[in-house]
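The next block is protein.cif, given as mmCIF, C-alpha atoms.
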data_final
loop_
_atom_site.label_atom_id
_atom_site.label_comp_id
_atom_site.auth_asym_id
_atom_site.auth_seq_id
_atom_site.Cartn_x
_atom_site.Cartn_y
_atom_site.Cartn_z
CA MET Q 1 -12.12 -10.32 16.00
CA LYS Q 2 -9.10 -11.44 17.96
CA ARG Q 3 -5.86 -9.95 16.68
CA PHE Q 4 -2.71 -11.95 17.23
CA SER Q 5 0.32 -9.96 18.27
CA GLN Q 6 3.42 -10.06 16.14
CA ASN Q 7 5.25 -11.12 19.27
CA THR Q 8 3.04 -14.15 19.83
CA ALA Q 9 2.88 -17.45 17.95
CA SER Q 10 -0.29 -19.45 18.48
CA VAL Q 11 -1.51 -22.86 17.40
CA ARG Q 12 -5.22 -22.70 16.56
CA PRO Q 13 -6.69 -26.19 16.26
CA GLY Q 14 -8.99 -26.46 13.25
CA ALA Q 15 -8.08 -22.98 11.97
CA VAL Q 16 -9.36 -22.12 8.49
CA VAL Q 17 -7.94 -19.01 6.83
CA MET Q 18 -8.82 -17.84 3.32
CA TYR Q 19 -6.63 -15.39 1.42
CA VAL Q 20 -8.11 -13.51 -1.55
CA ASP Q 21 -5.63 -11.96 -3.99
CA MET Q 22 -7.05 -10.01 -6.92
CA ASN Q 23 -5.21 -10.74 -10.18
CA SER Q 24 -3.73 -7.75 -12.06
CA PHE Q 25 -6.17 -5.64 -10.09
CA PHE Q 26 -5.63 -2.13 -11.46
CA ALA Q 27 -5.51 -3.34 -15.06
CA SER Q 28 -8.58 -5.53 -14.51
CA CYS Q 29 -10.53 -2.53 -13.21
CA GLU Q 30 -9.60 -0.60 -16.35
CA GLN Q 31 -10.67 -3.51 -18.57
CA GLN Q 32 -13.91 -3.83 -16.64
CA ASP Q 33 -14.78 -0.20 -17.34
CA ASP Q 34 -13.60 -0.08 -20.96
CA GLN Q 35 -14.76 -2.80 -23.31
CA TRP Q 36 -12.12 -1.82 -25.87
CA LEU Q 37 -9.37 -2.83 -23.43
CA GLN Q 38 -10.80 -6.26 -22.74
CA GLY Q 39 -8.60 -9.08 -23.99
CA ARG Q 40 -5.78 -6.66 -24.87
CA PRO Q 41 -2.43 -6.18 -23.09
CA VAL Q 42 -2.79 -3.20 -20.76
CA GLY Q 43 -0.17 -1.43 -18.65
CA VAL Q 44 -1.40 0.88 -15.90
CA CYS Q 45 1.15 3.71 -15.60
CA THR Q 46 1.88 6.35 -13.02
CA HIS Q 47 1.67 9.21 -15.56
CA GLU Q 48 1.72 10.05 -19.25
CA SER Q 49 5.27 9.52 -20.44
CA PRO Q 50 7.17 7.03 -22.61
CA HIS Q 51 9.37 6.39 -19.57
CA ALA Q 52 6.53 6.08 -17.02
CA CYS Q 53 6.59 3.17 -14.59
CA VAL Q 54 4.06 0.40 -15.24
CA ILE Q 55 2.58 -0.37 -11.85
CA ALA Q 56 0.08 -3.02 -13.02
CA PRO Q 57 0.28 -5.05 -16.25
CA SER Q 58 -2.80 -7.00 -17.28
CA VAL Q 59 -2.84 -10.79 -17.51
CA GLU Q 60 -2.46 -10.43 -21.29
CA ALA Q 61 0.61 -8.18 -20.89
CA LYS Q 62 2.20 -10.54 -18.37
CA ALA Q 63 2.01 -13.30 -20.98
CA PHE Q 64 4.59 -11.32 -23.00
CA GLY Q 65 6.92 -11.02 -20.00
CA VAL Q 66 5.82 -7.56 -18.85
CA LYS Q 67 6.34 -7.16 -15.09
CA THR Q 68 5.35 -4.63 -12.46
CA GLY Q 69 7.94 -1.87 -12.11
CA MET Q 70 9.15 -1.90 -15.71
CA ARG Q 71 9.38 1.36 -17.63
CA LEU Q 72 6.90 1.73 -20.46
CA HIS Q 73 9.59 1.79 -23.15
CA GLU Q 74 10.97 -1.51 -21.75
CA CYS Q 75 7.48 -3.03 -21.85
CA ARG Q 76 7.08 -2.03 -25.49
CA GLN Q 77 10.21 -3.97 -26.38
CA LEU Q 78 8.53 -7.12 -25.05
CA CYS Q 79 4.99 -6.26 -26.08
CA PRO Q 80 4.78 -3.57 -28.82
CA GLN Q 81 0.98 -3.60 -28.73
CA ILE Q 82 0.72 -2.80 -25.00
CA ILE Q 83 -1.89 -0.12 -24.25
CA PRO Q 84 -0.79 2.32 -21.52
CA VAL Q 85 -3.50 3.69 -19.23
CA VAL Q 86 -2.90 6.35 -16.58
CA ALA Q 87 -3.77 5.10 -13.10
CA ASN Q 88 -7.15 6.08 -11.67
CA PRO Q 89 -6.77 5.60 -7.88
CA VAL Q 90 -10.36 6.53 -7.04
CA LYS Q 91 -11.69 3.81 -9.34
CA TYR Q 92 -9.53 1.14 -7.72
CA ARG Q 93 -10.56 2.17 -4.21
CA GLN Q 94 -14.23 2.08 -5.18
CA TYR Q 95 -13.88 -1.42 -6.60
CA HIS Q 96 -11.91 -2.44 -3.50
CA LEU Q 97 -14.74 -1.35 -1.21
CA GLN Q 98 -17.27 -3.30 -3.29
CA ILE Q 99 -15.12 -6.42 -3.10
CA MET Q 100 -14.74 -6.05 0.67
CA GLN Q 101 -18.52 -5.80 0.95
CA VAL Q 102 -18.84 -9.14 -0.85
CA LEU Q 103 -16.29 -10.76 1.48
CA ARG Q 104 -18.02 -9.47 4.59
CA GLY Q 105 -21.21 -11.09 3.35
CA TYR Q 106 -19.60 -14.45 4.11
CA CYS Q 107 -17.51 -13.62 7.18
CA ASP Q 108 -17.32 -10.79 9.71
CA GLU Q 109 -13.65 -11.42 10.41
CA VAL Q 110 -12.09 -9.82 7.33
CA ILE Q 111 -8.74 -8.00 7.34
CA PRO Q 112 -7.87 -5.97 4.23
CA LYS Q 113 -4.13 -6.52 3.75
CA SER Q 114 -3.77 -4.16 0.80
CA ILE Q 115 -5.79 -2.59 -2.01
CA ASP Q 116 -5.99 -5.99 -3.76
CA GLU Q 117 -5.66 -8.55 -0.95
CA ALA Q 118 -7.70 -9.59 2.08
CA VAL Q 119 -7.71 -12.30 4.75
CA LEU Q 120 -10.87 -14.04 5.94
CA ASP Q 121 -10.70 -15.99 9.21
CA PHE Q 122 -13.31 -18.76 9.06
CA THR Q 123 -12.08 -20.58 12.18
CA SER Q 124 -15.22 -19.75 14.17
CA TYR Q 125 -17.42 -20.56 11.14
CA ARG Q 126 -16.53 -24.25 10.85
CA LEU Q 127 -20.05 -25.31 11.86
CA VAL Q 128 -21.56 -22.89 9.35
CA TYR Q 129 -19.52 -23.84 6.30
CA LYS Q 130 -18.62 -27.46 5.57
CA ASP Q 131 -16.93 -27.17 2.16
CA PHE Q 132 -14.45 -24.29 2.00
CA PRO Q 133 -13.28 -24.83 -1.61
CA ALA Q 134 -16.95 -24.63 -2.64
CA LEU Q 135 -17.31 -21.50 -0.51
CA ALA Q 136 -14.29 -19.98 -2.28
CA ALA Q 137 -16.01 -20.63 -5.61
CA GLN Q 138 -19.09 -18.79 -4.30
CA ILE Q 139 -16.94 -15.85 -3.23
CA ARG Q 140 -15.33 -15.73 -6.66
CA ALA Q 141 -18.79 -15.74 -8.25
CA GLY Q 142 -19.84 -12.87 -5.97
CA ILE Q 143 -16.85 -10.81 -7.05
CA ALA Q 144 -17.63 -11.62 -10.69
CA GLN Q 145 -21.06 -10.04 -10.19
CA ILE Q 146 -19.28 -6.74 -9.50
CA GLY Q 147 -17.36 -7.15 -12.74
CA ALA Q 148 -16.75 -10.16 -14.94
CA HIS Q 149 -13.17 -9.05 -15.56
CA LEU Q 150 -12.28 -8.91 -11.86
CA ARG Q 151 -10.41 -12.15 -11.29
CA CYS Q 152 -8.81 -13.52 -8.14
CA SER Q 153 -6.71 -16.33 -6.75
CA ILE Q 154 -7.76 -17.84 -3.43
CA GLY Q 155 -5.66 -19.79 -0.96
CA ILE Q 156 -7.03 -21.80 1.98
CA ALA Q 157 -4.81 -22.94 4.85
CA PRO Q 158 -4.55 -23.08 8.64
CA ASN Q 159 -2.66 -19.77 8.83
CA VAL Q 160 -2.34 -16.50 6.93
CA PHE Q 161 1.10 -17.12 5.47
CA LEU Q 162 0.25 -20.51 3.96
CA ALA Q 163 -3.06 -19.21 2.63
CA LYS Q 164 -1.13 -16.36 0.97
CA LEU Q 165 1.31 -18.94 -0.41
CA GLY Q 166 -1.66 -20.78 -1.92
CA THR Q 167 -2.58 -17.71 -3.97
CA GLU Q 168 0.95 -17.61 -5.40
CA LEU Q 169 0.86 -21.21 -6.63
CA GLN Q 170 -1.79 -20.72 -9.28
CA LYS Q 171 -2.54 -17.49 -11.15
CA PRO Q 172 -4.86 -16.27 -12.50
CA ASP Q 173 -8.08 -17.76 -11.09
CA GLY Q 174 -6.26 -20.11 -8.74
CA LEU Q 175 -7.83 -22.07 -5.89
CA ILE Q 176 -5.37 -23.99 -3.70
CA ARG Q 177 -5.93 -25.52 -0.28
CA ILE Q 178 -2.77 -26.19 1.73
CA THR Q 179 -2.91 -28.85 4.45
CA PRO Q 180 -0.34 -30.69 6.61
CA GLU Q 181 -0.66 -33.57 4.16
CA ASN Q 182 0.20 -31.67 0.96
CA LEU Q 183 2.43 -28.78 2.10
CA ASP Q 184 5.68 -30.67 1.54
CA THR Q 185 4.61 -31.57 -1.99
CA TYR Q 186 4.07 -27.93 -2.85
CA LEU Q 187 7.30 -26.79 -1.17
CA ALA Q 188 9.33 -29.45 -3.00
CA GLY Q 189 8.62 -27.76 -6.33
CA MET Q 190 9.55 -24.25 -5.19
CA LYS Q 191 12.62 -22.08 -4.73
CA LEU Q 192 13.30 -20.05 -1.60
CA SER Q 193 12.56 -16.83 -3.49
CA ASP Q 194 9.10 -18.20 -4.39
CA LEU Q 195 8.05 -17.84 -0.74
CA PRO Q 196 6.30 -14.52 0.06
CA GLY Q 197 8.73 -12.41 2.05
CA ILE Q 198 11.91 -14.21 0.95
CA ALA Q 199 13.73 -11.80 -1.33
CA ARG Q 200 17.32 -12.08 -2.54
CA ARG Q 201 18.81 -10.75 0.67
CA ASN Q 202 16.99 -13.29 2.86
CA GLU Q 203 17.72 -16.02 0.34
CA ARG Q 204 21.45 -15.31 0.67
CA ARG Q 205 21.19 -15.35 4.46
CA LEU Q 206 19.61 -18.79 4.38
CA GLN Q 207 22.10 -20.17 1.88
CA LEU Q 208 24.98 -19.06 4.09
CA ILE Q 209 23.77 -21.38 6.85
CA GLY Q 210 23.09 -24.27 4.48
CA ILE Q 211 19.37 -23.82 3.80
CA ARG Q 212 18.79 -23.93 0.04
CA THR Q 213 15.19 -25.06 -0.42
CA PRO Q 214 11.79 -24.29 1.15
CA LEU Q 215 11.65 -27.85 2.52
CA GLU Q 216 14.96 -27.35 4.31
CA LEU Q 217 13.61 -24.07 5.64
CA ARG Q 218 10.51 -25.76 7.00
CA TYR Q 219 12.43 -28.44 8.89
CA ALA Q 220 15.24 -26.21 10.14
CA SER Q 221 15.39 -25.69 13.89
CA PRO Q 222 14.09 -22.42 15.36
CA ALA Q 223 17.57 -21.78 16.77
CA LEU Q 224 19.15 -22.03 13.32
CA LEU Q 225 16.53 -19.72 11.81
CA ARG Q 226 17.06 -17.18 14.56
CA LYS Q 227 20.73 -17.24 13.63
CA ALA Q 228 19.89 -16.66 9.95
CA PHE Q 229 17.33 -13.88 10.38
CA GLY Q 230 18.30 -12.46 13.72
CA GLY Q 231 16.10 -12.75 16.79
CA ILE Q 232 12.35 -13.20 16.65
CA THR Q 233 12.07 -13.05 12.85
CA GLY Q 234 13.62 -16.49 12.49
CA HIS Q 235 11.15 -17.85 15.01
CA TYR Q 236 8.29 -16.43 12.94
CA TRP Q 237 9.48 -18.31 9.86
CA HIS Q 238 9.53 -21.55 11.80
CA CYS Q 239 5.96 -20.86 12.96
CA ARG Q 240 4.62 -19.94 9.52
CA LEU Q 241 5.81 -23.16 7.89
CA ASN Q 242 4.58 -25.28 10.79
CA PHE Q 243 0.98 -24.05 10.84
CA MET Q 244 1.25 -21.58 13.72
CA GLU Q 245 -0.26 -18.11 13.36
CA VAL Q 246 1.86 -14.96 13.60
CA ASP Q 247 0.35 -12.80 10.83
CA MET Q 248 -3.29 -12.38 11.86
CA TYR Q 249 -2.97 -8.81 13.09
CA LYS Q 250 -3.84 -5.26 12.18
CA ASN Q 251 -1.13 -2.62 12.41
CA ASP Q 252 -1.50 0.92 13.62
CA TYR Q 253 0.32 3.56 11.64
CA ARG Q 254 4.00 3.87 12.51
CA ALA Q 255 4.62 6.48 9.81
CA MET Q 256 2.87 8.25 6.97
CA SER Q 257 4.52 9.51 3.81
CA ALA Q 258 3.69 11.37 0.62
CA MET Q 259 6.06 11.41 -2.35
CA ARG Q 260 5.74 12.47 -5.97
CA THR Q 261 7.86 12.52 -9.10
CA VAL Q 262 8.44 16.10 -10.29
CA SER Q 263 7.14 16.78 -13.79
CA PRO Q 264 9.12 18.83 -16.35
CA GLN Q 265 6.57 21.65 -15.99
CA GLN Q 266 7.01 21.72 -12.21
CA ARG Q 267 10.80 21.68 -12.47
CA ALA Q 268 10.67 24.85 -14.56
CA SER Q 269 8.69 26.78 -11.92
CA PRO Q 270 10.01 27.48 -8.38
CA GLN Q 271 6.44 28.38 -7.39
CA ALA Q 272 5.15 25.02 -8.64
CA LEU Q 273 7.86 23.20 -6.66
CA GLU Q 274 6.89 24.99 -3.48
CA SER Q 275 3.21 24.33 -4.22
CA LEU Q 276 4.02 20.63 -4.58
CA LEU Q 277 5.66 20.72 -1.15
CA ILE Q 278 2.54 22.43 0.25
CA ALA Q 279 0.34 19.78 -1.33
CA LEU Q 280 2.42 16.93 0.15
CA CYS Q 281 2.25 18.47 3.62
CA SER Q 282 -1.49 19.08 3.24
CA ARG Q 283 -2.02 15.45 2.27
CA LEU Q 284 -0.30 14.31 5.46
CA GLU Q 285 -2.29 16.83 7.50
CA GLN Q 286 -5.49 15.37 6.08
CA ARG Q 287 -4.46 11.83 7.01
CA MET Q 288 -3.41 12.83 10.53
CA VAL Q 289 -6.69 14.66 11.11
CA LYS Q 290 -8.59 11.59 9.95
CA GLN Q 291 -6.50 9.29 12.14
CA GLU Q 292 -6.79 11.74 15.08
CA VAL Q 293 -3.04 11.96 15.66
CA PHE Q 294 -0.24 14.52 15.79
CA CYS Q 295 3.40 13.81 14.92
CA ARG Q 296 6.58 14.46 16.87
CA GLU Q 297 8.87 14.05 13.89
CA ALA Q 298 8.89 14.88 10.18
CA GLY Q 299 11.30 14.39 7.35
CA PHE Q 300 11.84 15.75 3.86
CA PHE Q 301 13.87 14.34 1.00
CA ILE Q 302 14.79 15.35 -2.54
CA ARG Q 303 16.08 13.08 -5.28
CA TYR Q 304 17.81 14.58 -8.31
CA ARG Q 305 18.02 13.32 -11.87
CA ASP Q 306 21.74 12.53 -11.48
CA HIS Q 307 20.86 10.06 -8.66
CA THR Q 308 22.10 12.35 -5.87
CA GLY Q 309 19.82 13.65 -3.15
CA TRP Q 310 19.30 15.64 0.02
CA ASP Q 311 17.23 14.92 3.11
CA THR Q 312 16.56 16.28 6.56
CA ARG Q 313 14.77 15.11 9.69
CA ILE Q 314 13.02 17.45 12.14
CA ARG Q 315 11.95 16.65 15.70
CA PHE Q 316 9.30 18.89 17.23
CA GLN Q 317 9.24 20.11 20.81
CA GLN Q 318 5.44 20.13 20.63
CA PRO Q 319 3.42 17.64 18.53
CA VAL Q 320 2.39 19.01 15.12
CA GLN Q 321 -0.56 18.29 12.85
CA ASP Q 322 -0.88 21.39 10.69
CA GLY Q 323 0.51 20.90 7.20
CA MET Q 324 1.64 24.50 6.84
CA ASP Q 325 3.58 24.28 10.10
CA ILE Q 326 5.36 21.21 8.73
CA ARG Q 327 6.03 23.10 5.48
CA ASP Q 328 7.52 26.02 7.41
CA TYR Q 329 9.82 23.76 9.43
CA ILE Q 330 11.02 22.07 6.22
CA LEU Q 331 11.65 25.39 4.46
CA GLN Q 332 13.66 26.61 7.48
CA GLU Q 333 15.95 23.61 7.04
CA VAL Q 334 16.14 24.16 3.28
CA ARG Q 335 16.98 27.86 3.62
CA ALA Q 336 19.59 27.16 6.30
CA PHE Q 337 21.35 24.67 4.03
CA GLU Q 338 21.18 27.05 1.07
CA ARG Q 339 22.71 29.90 3.10
CA GLN Q 340 25.48 27.70 4.44
CA HIS Q 341 26.41 26.11 1.11
CA ALA Q 342 25.35 28.87 -1.31
CA ALA Q 343 23.54 26.28 -3.42
CA PRO Q 344 19.79 26.03 -4.10
CA LEU Q 345 17.96 22.79 -3.32
CA LEU Q 346 14.62 23.25 -5.10
CA THR Q 347 15.89 23.33 -8.67
CA GLY Q 348 15.11 22.07 -12.13
CA ARG Q 349 17.41 19.09 -11.51
CA MET Q 350 14.85 17.52 -9.17
CA GLN Q 351 13.45 14.08 -9.96
CA SER Q 352 11.17 13.69 -6.94
CA MET Q 353 10.42 14.98 -3.47
CA GLY Q 354 8.77 13.46 -0.43
CA VAL Q 355 7.62 14.21 3.11
CA TYR Q 356 7.04 11.78 5.96
CA VAL Q 357 5.75 12.06 9.53
CA GLN Q 358 6.15 9.64 12.43
CA ARG Q 359 6.27 9.23 16.23
CA PHE Q 360 2.54 9.78 16.55
CA VAL Q 361 0.60 10.86 19.61
CA SER Q 362 -3.19 10.84 19.97
CA ASP Q 363 -4.86 14.22 19.57
CA LYS Q 364 -6.48 13.59 22.96
CA ALA Q 365 -3.04 13.44 24.58
CA VAL Q 366 -1.75 16.74 23.16
CA ALA Q 367 -1.02 19.20 25.97
CA TYR Q 368 -1.42 22.91 25.26
CA THR Q 369 0.83 25.49 26.88
CA LEU Q 370 -0.35 28.79 28.32
CA PHE Q 371 1.72 30.89 25.88
CA ASP Q 372 1.28 28.81 22.74
CA ASN Q 373 -2.30 27.62 22.76
CA ASN Q 374 -3.26 26.23 19.36
CA MET Q 375 -6.58 24.78 20.49
CA ARG Q 376 -8.63 27.04 18.21
CA ARG Q 377 -6.45 26.31 15.17
CA ASP Q 378 -6.74 22.58 15.81
CA GLN Q 379 -10.50 22.84 16.20
CA LEU Q 380 -10.76 24.89 12.98
CA ARG Q 381 -8.78 22.22 11.14
CA ARG Q 382 -11.24 19.53 12.24
CA VAL Q 383 -14.15 21.72 11.16
CA LEU Q 384 -12.55 22.27 7.73
CA TYR Q 385 -12.36 18.53 7.10
CA SER Q 386 -15.86 17.93 8.40
CA ILE Q 387 -17.11 20.48 5.81
CA ARG Q 388 -15.18 18.63 3.10
CA ASP Q 389 -16.70 15.37 4.31
CA ARG Q 390 -20.16 16.78 3.82
CA TYR Q 391 -19.81 18.91 0.70
CA GLY Q 392 -16.80 17.47 -1.15
CA LYS Q 393 -13.03 17.74 -0.91
CA ASN Q 394 -12.89 20.93 -3.00
CA SER Q 395 -15.75 22.70 -1.22
CA VAL Q 396 -13.33 24.68 0.94
CA ARG Q 397 -9.61 25.23 0.56
CA LYS Q 398 -6.85 27.07 2.35
CA ALA Q 399 -5.64 30.11 0.41
CA VAL Q 400 -2.15 28.63 0.14
CA GLU Q 401 -3.59 25.60 -1.67
CA THR Q 402 -4.93 27.76 -4.51
CA ILE Q 403 -1.64 29.33 -5.67
CA VAL Q 404 -0.94 26.46 -8.08
CA PRO Q 405 -4.08 24.31 -7.65
CA ASP Q 406 -4.21 20.57 -8.38
CA VAL Q 407 -0.42 20.31 -8.46
CA LEU Q 408 -0.61 16.99 -6.57
CA ARG Q 409 -2.18 14.31 -8.71
CA ASP Q 410 -3.72 11.42 -6.79
CA ALA Q 411 -1.56 8.32 -6.58
CA ILE Q 412 -1.99 4.83 -5.24
CA GLY Q 413 0.10 1.86 -4.25
CA PHE Q 414 -0.69 -1.71 -3.35
CA GLY Q 415 0.08 -1.20 0.31
CA SER Q 416 -1.91 -0.06 3.31
CA VAL Q 417 -5.60 0.80 3.02
CA LYS Q 418 -6.05 1.71 6.68
CA ASP Q 419 -7.46 5.12 5.75
CA LEU Q 420 -10.55 3.34 4.41
CA TYR Q 421 -11.26 1.32 7.54
CA GLU Q 422 -11.37 3.46 10.63
CA GLY Q 423 -15.08 3.92 11.34
CA GLU Q 424 -15.79 7.63 11.67
CA ARG Q 425 -12.27 8.29 10.39
CA PHE Q 426 -13.24 6.94 6.96
CA ASN Q 427 -11.52 9.09 4.35
CA LYS Q 428 -14.25 9.99 1.84
CA TYR Q 429 -11.80 11.95 -0.30
CA LEU Q 430 -10.15 8.70 -1.36
CA VAL Q 431 -13.29 7.61 -3.22
CA GLU Q 432 -14.31 10.98 -4.67
CA GLU Q 433 -13.79 11.42 -8.38
CA ASP Q 434 -11.32 14.21 -9.09
CA LYS Q 435 -11.08 14.37 -12.86
CA THR Q 436 -11.39 12.16 -15.92
CA ILE Q 437 -8.41 9.93 -16.56
CA ARG Q 438 -7.52 9.73 -20.26
CA ARG Q 439 -6.14 6.72 -22.10
CA GLN Q 440 -2.77 7.46 -23.65
CA SER Q 441 -2.35 7.20 -27.38
#
Target format structure tokens, applied to this file:
Amino acid sequence: MKRFSQNTASVRPGAVVMYVDMNSFFASCEQQDDQWLQGRPVGVCTHESPHACVIAPSVEAKAFGVKTGMRLHECRQLCPQIIPVVANPVKYRQYHLQIMQVLRGYCDEVIPKSIDEAVLDFTSYRLVYKDFPALAAQIRAGIAQIGAHLRCSIGIAPNVFLAKLGTELQKPDGLIRITPENLDTYLAGMKLSDLPGIARRNERRLQLIGIRTPLELRYASPALLRKAFGGITGHYWHCRLNFMEVDMYKNDYRAMSAMRTVSPQQRASPQALESLLIALCSRLEQRMVKQEVFCREAGFFIRYRDHTGWDTRIRFQQPVQDGMDIRDYILQEVRAFERQHAAPLLTGRMQSMGVYVQRFVSDKAVAYTLFDNNMRRDQLRRVLYSIRDRYGKNSVRKAVETIVPDVLRDAIGFGSVKDLYEGERFNKYLVEEDKTIRRQS
């Protein structure tokens, strides 16, 4: 499939793009697997706590005003009968893969945009399919065969952005086709912040130059939009609202990160805190091995319960992939700060910690020196993950990972799913069951 660069705007005559957006996806998966939850307001939470963040309210919960990102105690004020369920990332990835299989039954040119969204480019299928709204209904029926409680909104348009906009206009179970003839009608009933990608900051930018509605945004000159957004971004907005394509692309990783909230039990144990750091670094090692890259830069950050924090960034002379090497570099920075300021960093005041890696280089481009040849270690690391691929993610572990085992609970967001779509790099661990997830009382 042709990928359009972010730096290129193209007009594709007769283009047909379909955007599939699963409605309340995580909560719908839980309702699909538990009959007792069906028809009830459900809030999928990050962990078991009255103050946990609700990352996915069900359609029934949204009817009471519950929104993604609310704390559970806030949700209960709006909807006292809400049923909290701890997130089960493996389940959602498994359902995601089944849904993608259905989509690829209709079109080879499918781009997963996130765990619950995908783009289908039917431009080269115009002689195969004559009625795209009817085709969308067939796709919806195919998804319903996976699970009757898996619902989706579908948008059809000449480009990705407008097809995505179509999914926002009608939820749940929406089906909207946007054309040059009806786009202005839809935009006339919307606010700037209703457009995907226009948050408050961008809304203020546009208002400062006199653009107050989506219709005014559509008919603004590219020069004015470049002034509002700065450079090429303004040009992209002109293209999106005038049926040119700038979003049909697939990104490579620019960075990888792993972050977790620190539980009360972990805060009370220095060993558990260090084990959590080890687990975060190991998670990034796993992803880099799968993506066949090393990093030239890593970072570490701590956030405390009083809203203060500490962070550091480390640049490596030689590219690094090993998680324990990254851990050692981070601890060197931590210890140096603690010696200089006579104040500990890994304490019971911690709210969360995170590690990120970036500035990637292909493992095939890594040069080994005569005096520091890590070729055998790198080969052993690949063998370790190939064993896990074959026999399960817990079939072999590093000794350091067993000090406080299972300290890093699996987590999931709505963002990138690249780890699931890289051919031989496919990350089997992401769809392996780890442990039973319990419904909260």
Need the shell around region 333-348 of chain Q: protein/DNA/RNA residues with any atom at most 10 Å away, counting only C-alpha atoms. Skip same-chain ones fewer than 5 positions apart. Format as a list in words?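 Once the adjacent positions are removed, what remains is Val262, Ser263, Pro264, Gln265, Gln266, Arg267, Ala268, Ser269, Pro270, Gln271, Leu273, Glu274, Phe300, Ile302, Tyr304, Arg305, Gly309, Trp310, Asp311, Thr312, Arg313, Ile314, Asp328 and Met353 of chain Q.
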Output C-alpha atoms for every residue in that selection, as a PDB file, in the coordinates of the input.
ATOM      1  CA  VAL Q 262       8.440  16.100 -10.290  1.00  0.00           C
ATOM      2  CA  SER Q 263       7.140  16.780 -13.790  1.00  0.00           C
ATOM      3  CA  PRO Q 264       9.120  18.830 -16.350  1.00  0.00           C
ATOM      4  CA  GLN Q 265       6.570  21.650 -15.990  1.00  0.00           C
ATOM      5  CA  GLN Q 266       7.010  21.720 -12.210  1.00  0.00           C
ATOM      6  CA  ARG Q 267      10.800  21.680 -12.470  1.00  0.00           C
ATOM      7  CA  ALA Q 268      10.670  24.850 -14.560  1.00  0.00           C
ATOM      8  CA  SER Q 269       8.690  26.780 -11.920  1.00  0.00           C
ATOM      9  CA  PRO Q 270      10.010  27.480  -8.380  1.00  0.00           C
ATOM     10  CA  GLN Q 271       6.440  28.380  -7.390  1.00  0.00           C
ATOM     11  CA  LEU Q 273       7.860  23.200  -6.660  1.00  0.00           C
ATOM     12  CA  GLU Q 274       6.890  24.990  -3.480  1.00  0.00           C
ATOM     13  CA  PHE Q 300      11.840  15.750   3.860  1.00  0.00           C
ATOM     14  CA  ILE Q 302      14.790  15.350  -2.540  1.00  0.00           C
ATOM     15  CA  TYR Q 304      17.810  14.580  -8.310  1.00  0.00           C
ATOM     16  CA  ARG Q 305      18.020  13.320 -11.870  1.00  0.00           C
ATOM     17  CA  GLY Q 309      19.820  13.650  -3.150  1.00  0.00           C
ATOM     18  CA  TRP Q 310      19.300  15.640   0.020  1.00  0.00           C
ATOM     19  CA  ASP Q 311      17.230  14.920   3.110  1.00  0.00           C
ATOM     20  CA  THR Q 312      16.560  16.280   6.560  1.00  0.00           C
ATOM     21  CA  ARG Q 313      14.770  15.110   9.690  1.00  0.00           C
ATOM     22  CA  ILE Q 314      13.020  17.450  12.140  1.00  0.00           C
ATOM     23  CA  ASP Q 328       7.520  26.020   7.410  1.00  0.00           C
ATOM     24  CA  MET Q 353      10.420  14.980  -3.470  1.00  0.00           C
TER      25      MET Q 353
END
Suppose you want the space between CA of Ser257 (chain Q) and CA of Ser275 (chain Q); what is it in Å?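 Calculated distance between CA of Ser257 (chain Q) and CA of Ser275 (chain Q) is 16.9 Å.
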Give me, as a list in words, all polymer residues having an atom no more than 8 Å from Pro158 (chain Q), counting all atoms listed in the file and skipping those fewer than 4 positions away in the same chain. Arg12, Gly14, Ala15, Val16, Val17, Leu162, Ala163, Ile178, Thr179, Phe243 and Met244 of chain Q
Just say which residues the PyMOL selection byres ((chain Q and resi 102-109) around 7) picks in this file, as a list in words.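 Listing what the PyMOL selection byres ((chain Q and resi 102-109) around 7) selects in the shown file: Met1, Gln98, Ile99, Met100, Gln101, Val110, Ile111, Leu120, Asp121, Phe122, Ile139, Gly142 and Ile143 of chain Q.
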List the residues selected by the PyMOL selection byres ((chain Q and resi 223-226) around 10) in the file shown, writing them as a list in words.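 Evaluating the PyMOL selection byres ((chain Q and resi 223-226) around 10) on these coordinates yields Arg205, Leu206, Ile209, Gly210, Ile211, Leu217, Arg218, Ala220, Ser221, Pro222, Lys227, Ala228, Phe229, Gly230, Gly231, Ile232, Thr233, Gly234, His235, Tyr236, Trp237 and His238 of chain Q.
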Applying the PyMOL selection byres ((chain Q and resi 84) around 7) to the file I just gave you, which residues come out? Please list them as a list in words. Val42, Gly43, Val44, Cys45, Ile82, Ile83, Val85, Val86, Arg439 and Gln440 of chain Q
Who sits within 7 Å of region 150-157 of chain Q, all atoms listed in the file, same chain under 4 positions skipped, as a list in words: Val16, Val17, Met18, Tyr19, Val20, Asp21, Met22, Asn23, Ser28, Cys29, Ala136, Ile143, Ala144, Leu162, Ala163, Lys164, Gly166, Thr167, Lys171, Pro172, Asp173, Gly174, Leu175, Ile176, Arg177, Ile178 and Thr179 of chain Q
Would you mind reading off the distance between CA of Arg40 (chain Q) and CA of Val66 (chain Q), one decimal, in Å?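 CA of Arg40 (chain Q) sits 13.1 Å away from CA of Val66 (chain Q).
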Got a sec: who's within 8 Å of Pro112 (chain Q), counting only C-alpha atoms, leaving out chain neighbours fewer than 4 positions off, as a VMD selection string? chain Q and resid 100 117 to 119 417
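All polymer residues at most 8 Å from (9.3, 16.8, 17.6), using all atoms listed in the file, appear as Cys295, Arg296, Glu297, Ala298, Ile314, Arg315, Phe316, Gln317, Gln318, Pro319 and Val320 of chain Q.
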